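Source file: work_8.txt. Holds: compact mmCIF, C-alpha atoms and all ligand atoms.
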# COMPACT_ATOMS: atom_id res chain seq x y z
CA MET A 1 18.00 32.33 22.01
CA ILE A 2 19.05 34.50 19.06
CA LEU A 3 21.72 33.97 16.40
CA VAL A 4 23.97 36.94 15.71
CA THR A 5 26.35 37.01 12.74
CA GLY A 6 29.47 39.19 12.90
CA GLY A 7 29.19 39.57 16.66
CA ALA A 8 32.95 39.95 17.14
CA GLY A 9 33.04 43.11 15.00
CA PHE A 10 32.58 46.67 16.14
CA ILE A 11 28.78 46.98 16.18
CA GLY A 12 28.09 43.27 16.67
CA ALA A 13 30.26 43.12 19.81
CA ASN A 14 28.53 46.18 21.27
CA PHE A 15 25.19 44.59 20.42
CA VAL A 16 26.02 41.24 22.07
CA LEU A 17 27.37 42.93 25.22
CA ASP A 18 24.31 45.17 25.55
CA TRP A 19 21.90 42.36 24.69
CA LEU A 20 23.23 40.08 27.41
CA ALA A 21 23.47 42.90 29.94
CA LEU A 22 19.92 44.12 29.34
CA ASN A 23 18.03 41.05 28.33
CA GLY A 24 19.90 37.92 29.32
CA GLU A 25 18.55 35.84 26.42
CA PRO A 26 21.37 33.57 25.13
CA VAL A 27 23.23 34.44 21.93
CA VAL A 28 24.89 32.17 19.39
CA ASN A 29 27.57 34.35 17.83
CA LEU A 30 28.75 33.21 14.38
CA ASP A 31 31.82 35.13 13.22
CA LYS A 32 34.57 34.24 10.79
CA LEU A 33 37.11 36.35 12.73
CA THR A 34 38.47 38.24 9.76
CA TYR A 35 40.96 41.01 10.58
CA ALA A 36 37.89 42.99 11.83
CA GLY A 37 36.70 40.31 14.24
CA ASN A 38 38.13 40.69 17.71
CA LEU A 39 37.12 38.33 20.50
CA GLU A 40 39.03 40.49 22.96
CA SER A 41 36.09 42.92 22.69
CA LEU A 42 33.96 40.15 24.24
CA ALA A 43 36.49 39.18 26.92
CA SER A 44 34.03 40.13 29.68
CA LEU A 45 31.79 37.27 28.49
CA GLN A 46 34.37 34.57 28.99
CA GLY A 47 32.80 31.72 30.93
CA ASP A 48 29.32 33.14 30.41
CA ALA A 49 27.16 30.22 29.25
CA ARG A 50 24.71 32.61 27.59
CA HIS A 51 27.31 33.44 24.91
CA ILE A 52 28.08 30.61 22.49
CA PHE A 53 30.82 31.67 20.11
CA VAL A 54 31.29 29.79 16.84
CA GLN A 55 34.08 30.66 14.43
CA GLY A 56 32.75 30.20 10.92
CA ASP A 57 31.57 31.72 7.68
CA ILE A 58 28.00 32.84 6.98
CA GLY A 59 28.55 31.34 3.53
CA ASP A 60 29.06 27.85 5.01
CA SER A 61 25.52 26.57 4.44
CA ALA A 62 25.99 23.29 6.30
CA LEU A 63 27.44 25.03 9.35
CA VAL A 64 24.62 27.59 9.47
CA ALA A 65 21.93 24.94 8.95
CA GLY A 66 23.47 22.89 11.78
CA LEU A 67 23.53 25.88 14.13
CA LEU A 68 19.90 26.69 13.37
CA ALA A 69 18.82 23.09 13.91
CA THR A 70 20.79 22.72 17.15
CA HIS A 71 20.00 26.03 18.81
CA ARG A 72 16.60 26.85 17.28
CA PRO A 73 17.01 30.63 17.59
CA ARG A 74 13.86 32.74 17.47
CA ALA A 75 15.70 35.38 15.42
CA VAL A 76 18.80 36.03 13.33
CA VAL A 77 20.48 39.44 13.56
CA HIS A 78 22.82 39.77 10.59
CA PHE A 79 25.81 42.08 11.10
CA ALA A 80 28.54 40.06 9.36
CA ALA A 81 30.04 41.97 6.46
CA GLU A 82 33.17 43.45 5.01
CA SER A 83 32.66 47.05 6.08
CA HIS A 84 35.55 49.33 5.15
CA VAL A 85 35.12 51.51 2.05
CA ASP A 86 38.86 52.05 1.53
CA ARG A 87 39.51 48.28 1.55
CA SER A 88 36.70 47.79 -0.97
CA ILE A 89 38.48 50.20 -3.32
CA HIS A 90 41.72 48.22 -3.09
CA GLY A 91 39.96 44.90 -3.63
CA ALA A 92 36.25 44.09 -3.75
CA GLU A 93 36.38 40.28 -3.88
CA ASP A 94 35.78 39.69 -0.16
CA PHE A 95 32.95 42.25 -0.23
CA ILE A 96 31.16 40.43 -3.03
CA GLN A 97 31.79 37.09 -1.38
CA THR A 98 30.62 37.91 2.14
CA ASN A 99 28.14 40.74 1.66
CA ILE A 100 26.37 39.30 -1.38
CA VAL A 101 27.08 35.56 -1.69
CA GLY A 102 27.33 35.12 2.08
CA THR A 103 24.03 36.92 2.68
CA PHE A 104 22.38 34.84 -0.05
CA ARG A 105 23.56 31.57 1.52
CA LEU A 106 22.54 32.74 4.97
CA LEU A 107 19.07 33.65 3.68
CA GLU A 108 18.73 30.24 2.07
CA ALA A 109 19.78 28.40 5.22
CA VAL A 110 17.42 30.49 7.32
CA ARG A 111 14.59 29.96 4.84
CA GLY A 112 15.05 26.20 5.02
CA HIS A 113 14.98 26.29 8.81
CA TRP A 114 12.09 28.76 9.12
CA GLY A 115 9.98 26.92 6.53
CA ALA A 116 10.06 23.74 8.64
CA LEU A 117 9.26 25.41 11.97
CA PRO A 118 5.97 24.54 13.65
CA GLU A 119 3.68 27.30 14.84
CA PRO A 120 3.91 29.53 16.80
CA GLU A 121 7.72 29.62 16.26
CA ARG A 122 7.26 30.11 12.52
CA THR A 123 5.13 33.23 12.87
CA GLY A 124 7.31 34.65 15.64
CA PHE A 125 10.59 34.18 13.74
CA ARG A 126 12.57 37.24 12.55
CA PHE A 127 15.54 37.89 10.26
CA LEU A 128 16.97 41.36 10.91
CA HIS A 129 19.38 42.62 8.28
CA VAL A 130 21.76 45.36 9.42
CA SER A 131 22.59 47.74 6.59
CA THR A 132 23.91 51.22 5.93
CA ASP A 133 22.82 54.65 4.67
CA GLU A 134 25.58 54.37 2.05
CA VAL A 135 23.22 52.36 -0.20
CA TYR A 136 21.38 55.62 -0.93
CA GLY A 137 24.42 57.31 -2.47
CA SER A 138 25.55 60.89 -1.91
CA LEU A 139 23.41 63.96 -1.10
CA ALA A 140 23.73 67.49 -2.47
CA PRO A 141 24.50 70.06 0.27
CA ASP A 142 20.92 71.31 0.57
CA ALA A 143 19.05 68.07 -0.28
CA PRO A 144 16.72 66.62 2.36
CA ALA A 145 18.06 63.72 4.42
CA PHE A 146 17.60 60.13 3.15
CA THR A 147 14.19 58.63 3.83
CA GLU A 148 13.42 54.92 3.40
CA THR A 149 11.93 55.64 -0.05
CA HIS A 150 15.10 57.23 -1.43
CA GLY A 151 16.41 55.31 -4.46
CA PHE A 152 19.49 53.12 -4.17
CA GLU A 153 22.51 54.86 -5.76
CA PRO A 154 25.57 53.18 -4.20
CA ASN A 155 28.93 54.59 -5.30
CA SER A 156 31.60 52.42 -3.68
CA PRO A 157 32.16 48.68 -4.03
CA TYR A 158 31.25 48.42 -0.32
CA SER A 159 27.94 50.27 -0.64
CA ALA A 160 27.11 48.45 -3.89
CA SER A 161 27.60 45.10 -2.14
CA LYS A 162 25.45 46.19 0.80
CA ALA A 163 22.75 47.46 -1.59
CA ALA A 164 22.77 44.06 -3.29
CA SER A 165 22.35 42.34 0.07
CA ASP A 166 19.42 44.64 0.94
CA HIS A 167 17.76 43.67 -2.35
CA LEU A 168 18.25 39.97 -1.63
CA VAL A 169 16.69 40.32 1.81
CA ARG A 170 13.75 42.20 0.31
CA ALA A 171 13.28 39.55 -2.37
CA TRP A 172 13.39 36.68 0.13
CA HIS A 173 10.52 38.40 1.92
CA HIS A 174 8.41 39.14 -1.13
CA THR A 175 9.07 35.86 -2.93
CA HIS A 176 9.43 33.39 -0.09
CA GLY A 177 7.60 35.16 2.72
CA LEU A 178 10.67 35.16 4.99
CA PRO A 179 9.86 37.43 7.97
CA VAL A 180 12.55 40.09 7.51
CA VAL A 181 13.18 43.62 8.72
CA THR A 182 16.07 45.82 7.56
CA THR A 183 17.79 48.75 9.24
CA ASN A 184 19.83 51.33 7.29
CA CYS A 185 22.03 53.21 9.71
CA SER A 186 24.39 56.17 9.44
CA ASN A 187 28.06 56.17 10.53
CA ASN A 188 28.58 54.67 13.99
CA TYR A 189 31.27 55.51 16.54
CA GLY A 190 32.05 54.29 20.04
CA PRO A 191 33.98 51.62 21.98
CA TYR A 192 35.70 48.68 20.19
CA HIS A 193 35.85 50.51 16.84
CA PHE A 194 38.71 49.20 14.68
CA PRO A 195 41.21 52.04 14.17
CA GLU A 196 41.01 52.02 10.38
CA LYS A 197 37.82 54.11 10.51
CA LEU A 198 37.88 57.88 10.89
CA ILE A 199 37.10 58.45 14.58
CA PRO A 200 39.21 55.72 16.23
CA LEU A 201 42.04 56.32 13.73
CA MET A 202 42.21 59.99 14.68
CA ILE A 203 42.21 59.25 18.43
CA VAL A 204 44.87 56.57 18.13
CA ASN A 205 47.10 58.50 15.72
CA ALA A 206 46.84 61.67 17.80
CA LEU A 207 48.00 59.86 20.94
CA ALA A 208 50.84 58.19 19.01
CA GLY A 209 52.07 61.57 17.71
CA LYS A 210 51.27 60.57 14.13
CA PRO A 211 49.67 62.68 11.36
CA LEU A 212 45.85 62.90 11.31
CA PRO A 213 45.09 62.17 7.63
CA VAL A 214 42.07 64.13 6.40
CA TYR A 215 40.96 63.17 2.89
CA GLY A 216 40.55 65.96 0.31
CA ASP A 217 39.19 69.21 1.76
CA GLY A 218 37.72 67.51 4.86
CA MET A 219 34.29 68.93 4.06
CA GLN A 220 32.57 65.58 3.41
CA VAL A 221 29.60 65.30 5.72
CA ARG A 222 28.64 62.21 7.73
CA ASP A 223 25.73 61.76 10.17
CA TRP A 224 27.24 60.20 13.31
CA LEU A 225 25.42 57.90 15.75
CA TYR A 226 26.77 56.49 19.00
CA VAL A 227 26.98 52.70 18.55
CA LYS A 228 24.85 51.89 21.61
CA ASP A 229 22.03 53.96 20.13
CA HIS A 230 22.28 51.88 16.96
CA CYS A 231 22.05 48.74 19.12
CA SER A 232 18.95 50.06 20.91
CA ALA A 233 17.34 50.80 17.53
CA ILE A 234 18.04 47.24 16.37
CA ARG A 235 16.47 45.81 19.52
CA ARG A 236 13.43 48.02 18.98
CA VAL A 237 13.02 46.99 15.32
CA LEU A 238 13.56 43.34 16.18
CA GLN A 239 10.78 43.51 18.69
CA ASP A 240 8.15 45.56 16.89
CA GLY A 241 9.33 46.36 13.35
CA ARG A 242 6.78 45.65 10.63
CA LEU A 243 7.68 42.69 8.42
CA GLY A 244 9.29 43.56 5.10
CA GLU A 245 9.88 47.16 6.16
CA THR A 246 13.12 49.09 6.28
CA TYR A 247 13.92 51.57 9.04
CA ASN A 248 16.50 54.33 8.77
CA VAL A 249 18.58 54.85 11.91
CA GLY A 250 20.48 58.08 12.47
CA GLY A 251 21.71 60.50 15.07
CA TRP A 252 20.58 63.84 13.62
CA ASN A 253 24.20 64.83 13.74
CA GLU A 254 25.65 65.94 10.44
CA GLN A 255 29.23 67.16 10.63
CA PRO A 256 32.03 67.70 8.14
CA ASN A 257 34.99 65.39 8.75
CA ILE A 258 37.36 68.22 9.61
CA GLU A 259 35.00 69.35 12.37
CA ILE A 260 34.95 65.82 13.83
CA VAL A 261 38.74 65.77 13.83
CA ARG A 262 38.90 69.18 15.53
CA ILE A 263 36.42 68.06 18.21
CA ILE A 264 38.53 64.97 18.92
CA CYS A 265 41.68 67.10 19.14
CA GLY A 266 39.92 69.48 21.54
CA LEU A 267 38.84 66.63 23.80
CA LEU A 268 42.32 65.11 23.83
CA ASP A 269 43.83 68.55 24.57
CA GLU A 270 41.60 68.61 27.64
CA LEU A 271 41.82 64.98 28.77
CA ARG A 272 45.41 64.03 27.81
CA PRO A 273 47.33 67.24 26.91
CA ARG A 274 50.40 66.86 24.73
CA ALA A 275 53.68 67.02 26.63
CA ASP A 276 54.77 70.09 24.64
CA GLY A 277 51.51 71.92 25.45
CA ALA A 278 50.60 72.29 21.76
CA SER A 279 47.22 71.21 20.42
CA TYR A 280 46.75 67.83 18.73
CA ALA A 281 45.20 69.86 15.90
CA GLN A 282 48.78 70.57 14.78
CA GLN A 283 48.94 66.94 13.62
CA ILE A 284 46.09 67.43 11.09
CA THR A 285 47.39 66.66 7.57
CA TYR A 286 45.34 66.94 4.40
CA VAL A 287 45.96 63.95 2.12
CA LYS A 288 44.82 62.77 -1.32
CA ASP A 289 41.05 62.25 -1.52
CA ARG A 290 39.38 58.82 -1.65
CA PRO A 291 38.25 57.92 -5.21
CA GLY A 292 34.48 58.26 -5.65
CA HIS A 293 34.26 59.86 -2.20
CA ASP A 294 30.61 60.47 -1.27
CA ARG A 295 30.15 64.10 -0.32
CA ARG A 296 27.29 63.92 2.14
CA TYR A 297 25.15 61.39 4.02
CA ALA A 298 22.22 62.38 6.25
CA ILE A 299 19.52 60.15 7.69
CA ASP A 300 15.89 61.00 8.28
CA ALA A 301 15.02 58.66 11.17
CA ARG A 302 11.47 59.93 11.71
CA LYS A 303 9.80 56.66 10.65
CA LEU A 304 11.57 54.77 13.43
CA GLU A 305 10.64 57.47 15.92
CA ARG A 306 7.03 57.70 14.74
CA GLU A 307 6.31 53.97 14.49
CA LEU A 308 8.48 52.53 17.24
CA GLY A 309 9.20 55.48 19.51
CA TRP A 310 12.99 55.19 19.15
CA LYS A 311 15.29 58.14 19.78
CA PRO A 312 19.05 58.24 20.35
CA ALA A 313 20.05 58.61 24.00
CA GLU A 314 23.37 60.33 23.28
CA THR A 315 24.08 63.66 21.64
CA PHE A 316 27.31 63.85 19.66
CA ALA A 317 28.89 65.88 22.48
CA THR A 318 28.19 63.20 25.09
CA GLY A 319 28.91 60.24 22.81
CA ILE A 320 32.24 61.49 21.48
CA ARG A 321 33.44 62.36 25.01
CA LYS A 322 32.62 58.82 26.17
CA THR A 323 34.36 57.41 23.11
CA VAL A 324 37.58 59.39 23.54
CA GLN A 325 37.60 58.49 27.24
CA TRP A 326 37.08 54.80 26.36
CA TYR A 327 40.15 54.81 24.09
CA LEU A 328 42.19 56.55 26.80
CA ASP A 329 41.04 53.93 29.32
CA HIS A 330 41.76 50.91 27.06
CA PRO A 331 45.32 51.27 25.77
CA GLU A 332 45.81 47.48 25.82
CA TRP A 333 42.87 46.87 23.47
CA VAL A 334 44.31 49.47 21.09
CA GLU A 335 47.83 48.11 21.43
CA ASN A 336 46.69 44.54 20.70
CA VAL A 337 44.71 45.64 17.65
CA GLN A 338 47.63 47.61 16.28
CA SER A 339 50.22 44.93 16.88
CA GLY A 340 47.93 42.18 15.60
CA ASN A 341 48.14 40.47 19.01
CA TYR A 342 44.37 40.35 19.25
CA ARG A 343 44.53 37.44 16.86
CA GLN A 344 46.82 35.48 19.17
CA TRP A 345 44.61 36.50 22.07
CA VAL A 346 42.03 33.89 21.08
CA GLN A 347 44.61 31.14 21.28
CA ALA A 348 46.08 32.46 24.51
CA GLN A 349 42.68 32.72 26.17
CA TYR A 350 40.96 29.69 24.76
CA GLY A 351 43.69 27.26 23.81
CA THR A 352 42.25 26.33 20.45
CA PRO A 353 41.86 29.15 17.94
CA GLY A 354 38.26 30.29 17.66
CA ALA A 355 36.74 27.93 20.18
CA ALA A 356 35.39 30.11 22.95
P1 LIG B 401 33.15 45.23 11.31
O1 LIG B 401 33.95 45.21 10.06
O2 LIG B 401 33.72 45.89 12.53
O3 LIG B 401 32.73 43.75 11.74
C1 LIG B 401 32.31 42.79 10.83
C2 LIG B 401 32.34 41.43 11.51
O4 LIG B 401 31.86 40.44 10.57
C3 LIG B 401 33.74 40.99 11.93
O5 LIG B 401 33.71 40.47 13.24
C4 LIG B 401 34.11 39.91 10.93
O6 LIG B 401 34.99 38.92 11.46
C5 LIG B 401 32.75 39.33 10.59
N1 LIG B 401 32.70 38.68 9.28
C6 LIG B 401 33.17 39.17 8.11
N2 LIG B 401 32.97 38.28 7.11
C7 LIG B 401 32.32 37.23 7.67
C8 LIG B 401 31.81 36.00 7.15
N3 LIG B 401 31.94 35.70 5.86
N4 LIG B 401 31.19 35.14 7.99
C9 LIG B 401 31.08 35.45 9.32
N5 LIG B 401 31.54 36.57 9.86
C10 LIG B 401 32.15 37.47 9.04
O7 LIG B 401 31.77 45.92 10.90
P2 LIG B 401 30.80 46.84 11.77
O8 LIG B 401 31.23 48.25 11.66
O9 LIG B 401 30.60 46.24 13.10
O10 LIG B 401 29.45 46.71 10.91
C11 LIG B 401 28.53 45.65 11.17
C12 LIG B 401 27.38 45.76 10.17
O11 LIG B 401 26.76 47.05 10.28
C13 LIG B 401 27.82 45.62 8.72
O12 LIG B 401 26.85 44.87 8.04
C14 LIG B 401 27.86 47.06 8.21
O13 LIG B 401 27.59 47.12 6.83
C15 LIG B 401 26.73 47.67 9.02
N6 LIG B 401 26.86 49.12 9.28
C16 LIG B 401 28.01 49.64 9.78
C17 LIG B 401 28.07 51.02 10.06
C18 LIG B 401 29.31 51.63 10.67
O14 LIG B 401 29.38 52.86 10.80
N7 LIG B 401 30.31 50.86 11.09
C19 LIG B 401 26.97 51.84 9.82
C20 LIG B 401 25.80 51.26 9.31
C21 LIG B 401 25.75 49.89 9.04
P1 LIG B 402 35.03 55.96 7.39
O1 LIG B 402 35.19 55.93 8.86
O2 LIG B 402 35.94 55.12 6.55
O3 LIG B 402 33.50 55.67 7.08
P2 LIG B 402 32.67 55.77 5.66
O4 LIG B 402 33.61 55.92 4.54
O5 LIG B 402 31.96 54.45 5.66
O6 LIG B 402 31.76 56.95 5.84
O7 LIG B 402 35.20 57.46 6.91
C1 LIG B 402 34.38 58.51 7.40
C2 LIG B 402 34.73 59.76 6.64
O8 LIG B 402 36.06 60.15 7.01
C3 LIG B 402 34.73 59.57 5.15
O9 LIG B 402 34.25 60.78 4.53
C4 LIG B 402 36.22 59.38 4.81
C5 LIG B 402 36.92 60.21 5.86
N1 LIG B 402 38.24 59.74 6.27
C6 LIG B 402 39.33 60.62 6.30
O10 LIG B 402 39.21 61.83 5.96
N2 LIG B 402 40.54 60.15 6.70
C7 LIG B 402 40.72 58.85 7.07
O11 LIG B 402 41.88 58.46 7.41
C8 LIG B 402 39.60 57.96 7.06
C9 LIG B 402 39.75 56.51 7.48
C10 LIG B 402 38.37 58.45 6.67
The structure given in the file should be rewritten as structure tokens.
Ligand code: NAD
Ligand code: TYD
Amino acid sequence: MILVTGGAGFIGANFVLDWLALNGEPVVNLDKLTYAGNLESLASLQGDARHIFVQGDIGDSALVAGLLATHRPRAVVHFAAESHVDRSIHGAEDFIQTNIVGTFRLLEAVRGHWGALPEPERTGFRFLHVSTDEVYGSLAPDAPAFTETHGFEPNSPYSASKAASDHLVRAWHHTHGLPVVTTNCSNNYGPYHFPEKLIPLMIVNALAGKPLPVYGDGMQVRDWLYVKDHCSAIRRVLQDGRLGETYNVGGWNEQPNIEIVRIICGLLDELRPRADGASYAQQITYVKDRPGHDRRYAIDARKLERELGWKPAETFATGIRKTVQWYLDHPEWVENVQSGNYRQWVQAQYGTPGAA
């Protein structure tokens, strides 16, 4: 049994689905169900006794301690976070509360549990912290990609809060001996991605005939990784990662935003042509830039490859085609996210809100 936090979010839901499909080991899924938590993404697990969903906050120490005592997981995989940079610019309170205070309380609850475990459970226990490349800051155009030894230079309230959480995890290892591993991953894309982030927003807006808002000059570079490759990296690090180490996870796919948007438009032109025969690229609209917008991220994932033999299975070409096709095949998921109906979905499916 493992405990996953934030397993109703984009990456967490993909992780839980893949974990149960590949491994079968039960999962306790602790998620607060903020606007970003969507149990509809886990609808295929309804009635599956291996998935125990608990609606709650990682900062609720008593709840977390109770879950650890009851289920005795052999590992905690920590995804739960506020994750959207633009939201963190409008208001950082929730980011500080969940990403920093929440991670601190989770670490303390896990430390209390782990410290009392008998052997061999104590030695085998793992806390895997899921983090981002954004903690490293922004790269100059010709600078080498981020390695694990790159200094922390976060520029947004989001990345600053994630950097703080990474430091806490590190300190709980060095000071208290907690058996932790951390992953720092580049931008993910794929199924169940909330359409406030670049790739799903562009797909959804294009299909709705809306403008495709590209910030600034569109030449900011991100290093995109298909979400299922991120999940496979996490499984690999959980199994064999060295304690106290961090592992960068990336797709070796740097692209300027405008190129990503053009690729999406090209795929939609092929798979779901516009009624008027024009390209979706006509909907591209340059808008005001994001304040403090990081210019370039790029991940050097060679440590993970060298030490643990991990490599992404998808190229960007294969991953983005699957992603666009997934959004075309799941209009109801998109519709429910956009209308807010995914929040009622819990009640409709389960009777009581949050009790799955
Ligand atoms: P997301 O915003 O889609 O999901 C976050 C989930 O956490 C939601 O289900 C939400 O309900 C839950 N949550 C939020 N606050 C909570 C709290 N206090 N207690 C319990 N649950 C809470 O995020 P995501 O894109 O799936 O990212 C997951 C993790 O991966 C985050 O830690 C993020 O920093 C990291 N990450 C994301 C990316 C990316 O490209 N999306 C890249 C690298 C790392
Ligand atoms: P995003 O998906 O928000 O991820 P992050 O900021 O964590 O990298 O944005 C990816 C890139 O796309 C980033 O450079 C900002 C840009 N962007 C746009 O140009 N337009 C948009 O509407 C959004 C949401 C993002």
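Those residues that approach Tyr247 in chain A to within 7 Å, counting only C-alpha atoms, are A:Glu148, A:Thr182, A:Thr183, A:Asn184, A:Lys303, A:Leu304; same-chain residues fewer than 4 positions away are not listed.
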To check your reading of the model: which residues sit at most 6 Å from ligand LIG 402 (chain B) when counting all atoms listed in the file? Write the answer as JSON, numbers by chain. {"A": [84, 85, 196, 197, 198, 213, 214, 215, 218, 220, 257]}
Can you spit out the residues from that selection as a PDB file, keeping the file's coordinate frame, using C-alpha atoms?
ATOM      1  CA  HIS A  84      35.550  49.330   5.150  1.00  0.00           C
ATOM      2  CA  VAL A  85      35.120  51.510   2.050  1.00  0.00           C
ATOM      3  CA  GLU A 196      41.010  52.020  10.380  1.00  0.00           C
ATOM      4  CA  LYS A 197      37.820  54.110  10.510  1.00  0.00           C
ATOM      5  CA  LEU A 198      37.880  57.880  10.890  1.00  0.00           C
ATOM      6  CA  PRO A 213      45.090  62.170   7.630  1.00  0.00           C
ATOM      7  CA  VAL A 214      42.070  64.130   6.400  1.00  0.00           C
ATOM      8  CA  TYR A 215      40.960  63.170   2.890  1.00  0.00           C
ATOM      9  CA  GLY A 218      37.720  67.510   4.860  1.00  0.00           C
ATOM     10  CA  GLN A 220      32.570  65.580   3.410  1.00  0.00           C
ATOM     11  CA  ASN A 257      34.990  65.390   8.750  1.00  0.00           C
TER      12      ASN A 257
END
One decimal, in Å: what's the spacing between atom C1 of ligand LIG 401 (chain B) and CA of Phe79 in chain A?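 Distance reported for this atom pair: 6.5 Å.
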Do you have, as JSON lines, the list of residues of chain A lying at most 8 Å from ligand LIG 401 (chain B), each with its nearest atom pair and that distance in Å to one decimal, counting all atoms listed in the file and ordered by chain then number?
{"residue": "A:Thr5", "atom": "CA", "partner": "B:LIG401", "partner_atom": "N5", "distance": 6.0}
{"residue": "A:Gly6", "atom": "CA", "partner": "B:LIG401", "partner_atom": "O4", "distance": 3.6}
{"residue": "A:Gly7", "atom": "CA", "partner": "B:LIG401", "partner_atom": "O5", "distance": 5.7}
{"residue": "A:Ala8", "atom": "CA", "partner": "B:LIG401", "partner_atom": "O5", "distance": 4.0}
{"residue": "A:Gly9", "atom": "CA", "partner": "B:LIG401", "partner_atom": "O5", "distance": 3.2}
{"residue": "A:Phe10", "atom": "CA", "partner": "B:LIG401", "partner_atom": "O9", "distance": 3.7}
{"residue": "A:Ile11", "atom": "CA", "partner": "B:LIG401", "partner_atom": "O9", "distance": 3.7}
{"residue": "A:Gly12", "atom": "CA", "partner": "B:LIG401", "partner_atom": "O9", "distance": 5.3}
{"residue": "A:Ala13", "atom": "CA", "partner": "B:LIG401", "partner_atom": "O9", "distance": 7.4}
{"residue": "A:Leu30", "atom": "CA", "partner": "B:LIG401", "partner_atom": "C9", "distance": 6.0}
{"residue": "A:Asp31", "atom": "CA", "partner": "B:LIG401", "partner_atom": "N5", "distance": 3.7}
{"residue": "A:Lys32", "atom": "CA", "partner": "B:LIG401", "partner_atom": "N5", "distance": 3.9}
{"residue": "A:Leu33", "atom": "CA", "partner": "B:LIG401", "partner_atom": "O6", "distance": 3.6}
{"residue": "A:Thr34", "atom": "CA", "partner": "B:LIG401", "partner_atom": "O6", "distance": 3.9}
{"residue": "A:Tyr35", "atom": "CA", "partner": "B:LIG401", "partner_atom": "O6", "distance": 6.4}
{"residue": "A:Ala36", "atom": "CA", "partner": "B:LIG401", "partner_atom": "C3", "distance": 4.6}
{"residue": "A:Gly37", "atom": "CA", "partner": "B:LIG401", "partner_atom": "O5", "distance": 3.2}
{"residue": "A:Asn38", "atom": "CA", "partner": "B:LIG401", "partner_atom": "O5", "distance": 6.3}
{"residue": "A:Gln55", "atom": "CA", "partner": "B:LIG401", "partner_atom": "C9", "distance": 7.6}
{"residue": "A:Gly56", "atom": "CA", "partner": "B:LIG401", "partner_atom": "C9", "distance": 5.7}
{"residue": "A:Asp57", "atom": "CA", "partner": "B:LIG401", "partner_atom": "N4", "distance": 3.5}
{"residue": "A:Ile58", "atom": "CA", "partner": "B:LIG401", "partner_atom": "N4", "distance": 4.1}
{"residue": "A:Gly59", "atom": "CA", "partner": "B:LIG401", "partner_atom": "N3", "distance": 6.0}
{"residue": "A:His78", "atom": "CA", "partner": "B:LIG401", "partner_atom": "O12", "distance": 7.0}
{"residue": "A:Phe79", "atom": "CA", "partner": "B:LIG401", "partner_atom": "C12", "distance": 4.1}
{"residue": "A:Ala80", "atom": "CA", "partner": "B:LIG401", "partner_atom": "O4", "distance": 3.6}
{"residue": "A:Ala81", "atom": "CA", "partner": "B:LIG401", "partner_atom": "C6", "distance": 4.5}
{"residue": "A:Glu82", "atom": "CA", "partner": "B:LIG401", "partner_atom": "C6", "distance": 5.3}
{"residue": "A:Ser83", "atom": "CA", "partner": "B:LIG401", "partner_atom": "O1", "distance": 4.6}
{"residue": "A:His84", "atom": "CA", "partner": "B:LIG401", "partner_atom": "O1", "distance": 6.6}
{"residue": "A:Asp94", "atom": "CA", "partner": "B:LIG401", "partner_atom": "N2", "distance": 7.9}
{"residue": "A:Gln97", "atom": "CA", "partner": "B:LIG401", "partner_atom": "N3", "distance": 7.4}
{"residue": "A:Thr98", "atom": "CA", "partner": "B:LIG401", "partner_atom": "N3", "distance": 4.5}
{"residue": "A:Asn99", "atom": "CA", "partner": "B:LIG401", "partner_atom": "N3", "distance": 7.6}
{"residue": "A:Gly102", "atom": "CA", "partner": "B:LIG401", "partner_atom": "N3", "distance": 6.0}
{"residue": "A:His129", "atom": "CA", "partner": "B:LIG401", "partner_atom": "O12", "distance": 7.8}
{"residue": "A:Val130", "atom": "CA", "partner": "B:LIG401", "partner_atom": "O12", "distance": 5.3}
{"residue": "A:Ser131", "atom": "CA", "partner": "B:LIG401", "partner_atom": "C21", "distance": 4.5}
{"residue": "A:Thr132", "atom": "CA", "partner": "B:LIG401", "partner_atom": "C21", "distance": 3.9}
{"residue": "A:Asp133", "atom": "CA", "partner": "B:LIG401", "partner_atom": "C20", "distance": 6.5}
{"residue": "A:Glu134", "atom": "CA", "partner": "B:LIG401", "partner_atom": "C20", "distance": 7.9}
{"residue": "A:Lys162", "atom": "CA", "partner": "B:LIG401", "partner_atom": "O13", "distance": 6.5}
{"residue": "A:Asn184", "atom": "CA", "partner": "B:LIG401", "partner_atom": "C20", "distance": 6.3}
{"residue": "A:Cys185", "atom": "CA", "partner": "B:LIG401", "partner_atom": "C20", "distance": 4.3}
{"residue": "A:Ser186", "atom": "CA", "partner": "B:LIG401", "partner_atom": "C19", "distance": 5.1}
{"residue": "A:Asn187", "atom": "CA", "partner": "B:LIG401", "partner_atom": "O14", "distance": 3.6}
{"residue": "A:Asn188", "atom": "CA", "partner": "B:LIG401", "partner_atom": "O14", "distance": 3.8}
{"residue": "A:Tyr189", "atom": "CA", "partner": "B:LIG401", "partner_atom": "O14", "distance": 6.6}
{"residue": "A:His193", "atom": "CA", "partner": "B:LIG401", "partner_atom": "O2", "distance": 6.7}
{"residue": "A:Phe194", "atom": "CA", "partner": "B:LIG401", "partner_atom": "O2", "distance": 6.4}
Which residue of A:Asn336, A:Arg296, A:Gln239, A:Leu42 approaches Ala143 in chain A most closely, using all atoms listed in the file: A:Arg296
For Val181 in chain A, list every protein, DNA or RNA residue within 9 Å, evaluated using all atoms listed in the file, and leave out those in the same chain fewer than 2 positions away; present the list as an NGL selection string. :A and (126-130 or 169-170 or 173 or 179 or 183 or 237-238 or 241-247)
Mind pulling up the distance from CA of Glu40 in chain A to CA of Asp223 in chain A?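 Here the two named atoms are 28.2 Å from each other.
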